[in-house]
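As C-alpha cells, the structure follows; a few thoughts come after it.
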Amino acid sequence: MSDVSLGRSTRPTRPASFLRLLYLAGLAVLFALPALIAIANPFGPTEGCCRYADSSTHTWLDAAGTGGGAAAWEFYFEAAMDYDLAPTDMSEAEVTYHNIGTNYVDVEWYTSSLEPPAIGVAQCILDVPADPTRCNHWHVRFNYPTSSTATQRHHTACHEIGHTVGLDHETSPTSSSCMKSTTSNVTFSSHDTTVHINPKY
Amino acid sequence: MSKRHHPYGIALATTLLLVAQSCTSSTSPSTTQRTIEVEAVASTFESLEAMAQASEIIVEGEIIEVADGRFQPHPINEGEGDLGLSLTIEIASVLKGDVEPGETVTVPWAGGYYVEPDGTRIPLVINGQAHPEVGENSLWFLGPHPDGGATWGLVAFEGRLLVEDNGELALTTHRLDSGAALELNAMTVDEVRQALSN
C-alpha cells in the first residue's frame with residue numbers, strides 16, 4: 001500500500017499536473033483571447049479613444065443644410081447609418097431637433113472647412129453628466145471642398161460614426177473594418193459588430 | 001504708537017484687486033481645463049518615400065508664433081464653433097522644396113479650440129496631438145494650402161514630428177497604423193535627409 005501510495009504521490013501525478021497546467025493555460029488563453037483581439041480595436045474610453053453612445057438608439061441630425069458641399073456627404077452619411085450601423089443591434093433615427101432641454105441629438109453632422117490634412121472629424125461636445133464614459137452629443141464634421149472620392153466619403157462617414165459609438169481605430173492588417181485608416185474599407189467588421197457593438201447596446 | 005492697517009483700507013484694496021482681475025479676464029477669452037478629443041480621418045502614407053513625394057516642402061524649424069486661425073461657425077448655434085490655430089515656423093533646415101533657412105512659413109492647425117456661445121474656449125486635442133507651442137522644434141511634411149503664398153498644409157498627421165534634443169524624431173500623433181509613421185519614429189533628421197537623397 002505504501003508503495004502504491006508513494007507511487008501515486010510521485011510518478012503518476014506528474015502527467016496529471018502537466019495536464020492540469022495545460023488545461024489551466026488553455027483556459028487562460030481562452031479567456032484572454034477576446035481581450036487580446038480587442039487590443040487591435042479598443043472600445044470605449046477606458047481602453048480606447050471614444051466614449052460610448054448614451055443609448056442603443058443613435059439619433060442624428062443633418063445640420064449641413066444645402067450649402068457647402070453638403071449633398072456630396074449626405075448620401076454617404078445616411079448610407080453609413082442605414083447600411084453599416086442599422087444592421088447591428090443598435091438602431092438609428094434621424095431627428096429634426098438639436099436639443100430638447102438636456103436631451104441632445106446624439107450625432108449632429110455638418111460640413112466645414114477643415115484645415116489639412118483632415119477629411120472628417122468626430123468630437124464629443126457634451127458628456128452624459130452622470131456617466132462621463134458616455135457621450136451625450138457628438139459633432140461630426142466633413143471637409144466641404146469635395147476633393148475626396150466617393151469611397152473616401154463612405155469610409156469617412158462609417159469611420160466617424162464608429163467613433164460615436166465608442167470604436168477606436170483598427171490596427172489589424174487583415175481587418176476589413178472602416179475603423180482602419182485604409183480608405184477602401186467602408187463597413188464595420190464582424191469583430192466591430194459582434195465583439196463590441198452588439199454586446200454593449 | 002504702532003502703525004495699524006485700517007480694516008476698510010484692506011477691504012477697499014481687496015475689492016480693487018478683484019475688480020482689476022475681473023476686468024483683465026473679461027478682455028481675454030477664458031480657457032477651460034477640460035479638453036475635447038477629436039478623432040480625424042486623414043490621408044496616411046505607406047512609407048516615408050510616399051509621404052515625401054506627396055510633400056512639396058519638408059522643413060525642420062522652430063515655431064515662433066501661435067495665433068488664432070480660421071473660425072468655423074456652428075451652423076445652428078450662434079457664436080459657437082471651432083477655432084483653428086495659425087502657426088508661424090522659422091525654417092532651420094530644408095530637406096525638400098524651394099524655401100530657404102531663415103524664411104518663415106505659416107501652417108494652419110486643425111486642432112485649436114471649441115468656442116462656446118459665451119466665448120469659453122475648450123482646447124481640441126486632434127488625434128492625440130497636443131497644441132503646438134512656441135519654441136517647439138519639429139520636422140514638417142507640407143503641401144499646398146488653398147490660401148497659397150507662404151501658407152502650407154500638413155500632408156498627414158504623422159507629418160509633424162518633434163525633434164528631440166538628441167536629434168531623434170518623435171511622433172506627435174497617436175495613430176500608428178501608417179507605414180510612414182512607423183518608419184519615421186526614432187529616426188533622426190539627418191537619417192531622413194539621407195533616406196530622401198537616395
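In the C-alpha cells, the first chain shown is A, the next is B, and so on; residue numbers restart at 1 for each chain, and ligands run from 1 in the order shown.
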
Which residues come within 7 Å of Glu37 (chain B), counting only C-alpha atoms, excluding same-chain residues fewer than 5 positions away, as a PDB file with C-alpha atoms, in the first residue's frame?
```
ATOM      1  CA  GLN A 123     -15.649  65.244 -31.364  1.00  0.00           C
TER       2      GLN A 123
ATOM      3  CA  LEU B 124      -9.141  70.476 -29.024  1.00  0.00           C
ATOM      4  CA  VAL B 125      -6.699  67.566 -28.992  1.00  0.00           C
ATOM      5  CA  ILE B 126      -6.692  66.228 -32.521  1.00  0.00           C
TER       6      ILE B 126
END
```

Any chance you could tabulate, as a tab-separated table, the residues of region 61-136 of chain A at most 10 Å from region 44-54 of chain A with each one's nearest atom pair and distance in Å to one decimal, using only C-alpha atoms, in chain and rising number order?
```
residue	atom	partner	partner_atom	distance
A:Met90	CA	A:Ala53	CA	9.9
A:Asp106	CA	A:Ala53	CA	7.6
A:Val107	CA	A:Ala53	CA	9.6
A:Ala122	CA	A:Cys50	CA	9.6
A:Gln123	CA	A:Cys50	CA	9.0
A:Cys124	CA	A:Arg51	CA	7.8
A:Asp127	CA	A:Arg51	CA	8.3
A:Val128	CA	A:Asp54	CA	7.3
A:Asp131	CA	A:Asp54	CA	8.9
A:Pro132	CA	A:Arg51	CA	7.7
A:Thr133	CA	A:Arg51	CA	5.2
A:Arg134	CA	A:Tyr52	CA	4.5
A:Cys135	CA	A:Arg51	CA	5.6
A:Asn136	CA	A:Asp54	CA	6.0
```

task: Dump as a ChimeraX atom specification the residues of chain A that approach chain B to within 10 Å, counting only C-alpha atoms.
output: /A:49-50,63-65,98,109-126,139-142,152,155-157,159-160,163-164,168-173,179-183

- request: Enumerate, as a PyMOL selection string, the complete set of residues in region 5-192 of chain B that a backbone-based DSSP assignment places in strand (DSSP E).
  value: chain B and resi 36-42+57-73+81-96+104-115+121-126+137-144+152-154+160-163+169-171

- prompt: Could you write out, as a PyMOL selection string, all the residues of region 22-135 of chain A that DSSP marks as alpha helix (DSSP H)?
  reply: chain A and resi 22-40+44-47+70-79

message: With only C-alpha atoms as the counted atoms, please give the residues lying no more than 9 Å from Met187 (chain B), apart from itself and same-chain residues fewer than 2 positions off, as an MDAnalysis selection string.
response: chainID B and resid 167:170 183:185 189:192

Within 8 Å of Ile91 (chain B), counting only C-alpha atoms, which residues show up once you throw out same-chain ones fewer than 3 positions away? Write them as a short mmCIF file (atom, residue, chain, number, x, y, z; two decimals) with C-alpha atoms, in the first residue's frame, please.
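Everything below was put into result02.cif:
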```
data_model
loop_
_atom_site.label_atom_id
_atom_site.label_comp_id
_atom_site.auth_asym_id
_atom_site.auth_seq_id
_atom_site.Cartn_x
_atom_site.Cartn_y
_atom_site.Cartn_z
CA VAL B 59 11.41 71.56 -43.39
CA GLU B 60 12.83 71.47 -39.90
CA GLY B 61 12.04 74.58 -37.92
CA GLU B 62 11.00 76.31 -34.74
CA VAL B 94 15.30 72.35 -45.74
CA GLU B 100 15.39 78.75 -47.62
CA PRO B 101 16.58 78.58 -44.00
CA GLY B 102 15.60 81.76 -42.16
CA GLU B 103 12.33 82.15 -44.09
CA THR B 104 9.04 81.67 -42.28
CA VAL B 105 6.06 79.55 -43.33
#
```

Non-local contacts of His196 (chain A) (12 Å; only C-alpha atoms; under 2 positions in same chain excluded) as a PDB file with C-alpha atoms, in the first residue's frame:
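And here is the file that came out, selection-v2.pdb:
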```
ATOM      1  CA  PRO A  34     -11.096  38.304 -26.629  1.00  0.00           C
ATOM      2  CA  ALA A  35      -9.025  40.838 -24.719  1.00  0.00           C
ATOM      3  CA  ILE A  37      -8.246  40.611 -30.053  1.00  0.00           C
ATOM      4  CA  ALA A  38      -9.802  43.727 -28.560  1.00  0.00           C
ATOM      5  CA  ILE A  39      -6.362  45.327 -28.250  1.00  0.00           C
ATOM      6  CA  ASN A  41      -9.541  47.501 -31.916  1.00  0.00           C
ATOM      7  CA  PRO A  42     -10.095  49.078 -28.481  1.00  0.00           C
ATOM      8  CA  PHE A  43     -13.589  50.027 -27.431  1.00  0.00           C
ATOM      9  CA  GLY A  44     -14.832  52.730 -25.098  1.00  0.00           C
ATOM     10  CA  TYR A  52     -19.821  55.042 -25.641  1.00  0.00           C
ATOM     11  CA  THR A  88     -26.159  45.918 -35.737  1.00  0.00           C
ATOM     12  CA  ASP A  89     -28.135  45.697 -32.502  1.00  0.00           C
ATOM     13  CA  MET A  90     -28.172  49.497 -32.411  1.00  0.00           C
ATOM     14  CA  GLY A 162     -17.902  54.229 -35.463  1.00  0.00           C
ATOM     15  CA  VAL A 165     -20.487  54.512 -30.658  1.00  0.00           C
ATOM     16  CA  GLY A 166     -17.102  54.015 -28.948  1.00  0.00           C
ATOM     17  CA  LEU A 167     -14.978  52.243 -31.571  1.00  0.00           C
ATOM     18  CA  ASP A 168     -11.293  53.116 -31.746  1.00  0.00           C
ATOM     19  CA  PHE A 188     -17.795  47.697 -39.873  1.00  0.00           C
ATOM     20  CA  SER A 189     -16.098  44.330 -39.488  1.00  0.00           C
ATOM     21  CA  SER A 190     -17.854  41.379 -37.866  1.00  0.00           C
ATOM     22  CA  HIS A 191     -15.449  41.979 -34.939  1.00  0.00           C
ATOM     23  CA  ASP A 192     -16.730  45.556 -34.548  1.00  0.00           C
ATOM     24  CA  THR A 193     -20.290  44.279 -34.560  1.00  0.00           C
ATOM     25  CA  THR A 194     -20.178  41.013 -32.626  1.00  0.00           C
ATOM     26  CA  ASN A 198     -23.910  44.189 -30.110  1.00  0.00           C
ATOM     27  CA  PRO A 199     -22.871  43.170 -26.568  1.00  0.00           C
ATOM     28  CA  LYS A 200     -22.784  46.819 -25.462  1.00  0.00           C
ATOM     29  CA  TYR A 201     -26.033  48.014 -26.964  1.00  0.00           C
TER      30      TYR A 201
END
```
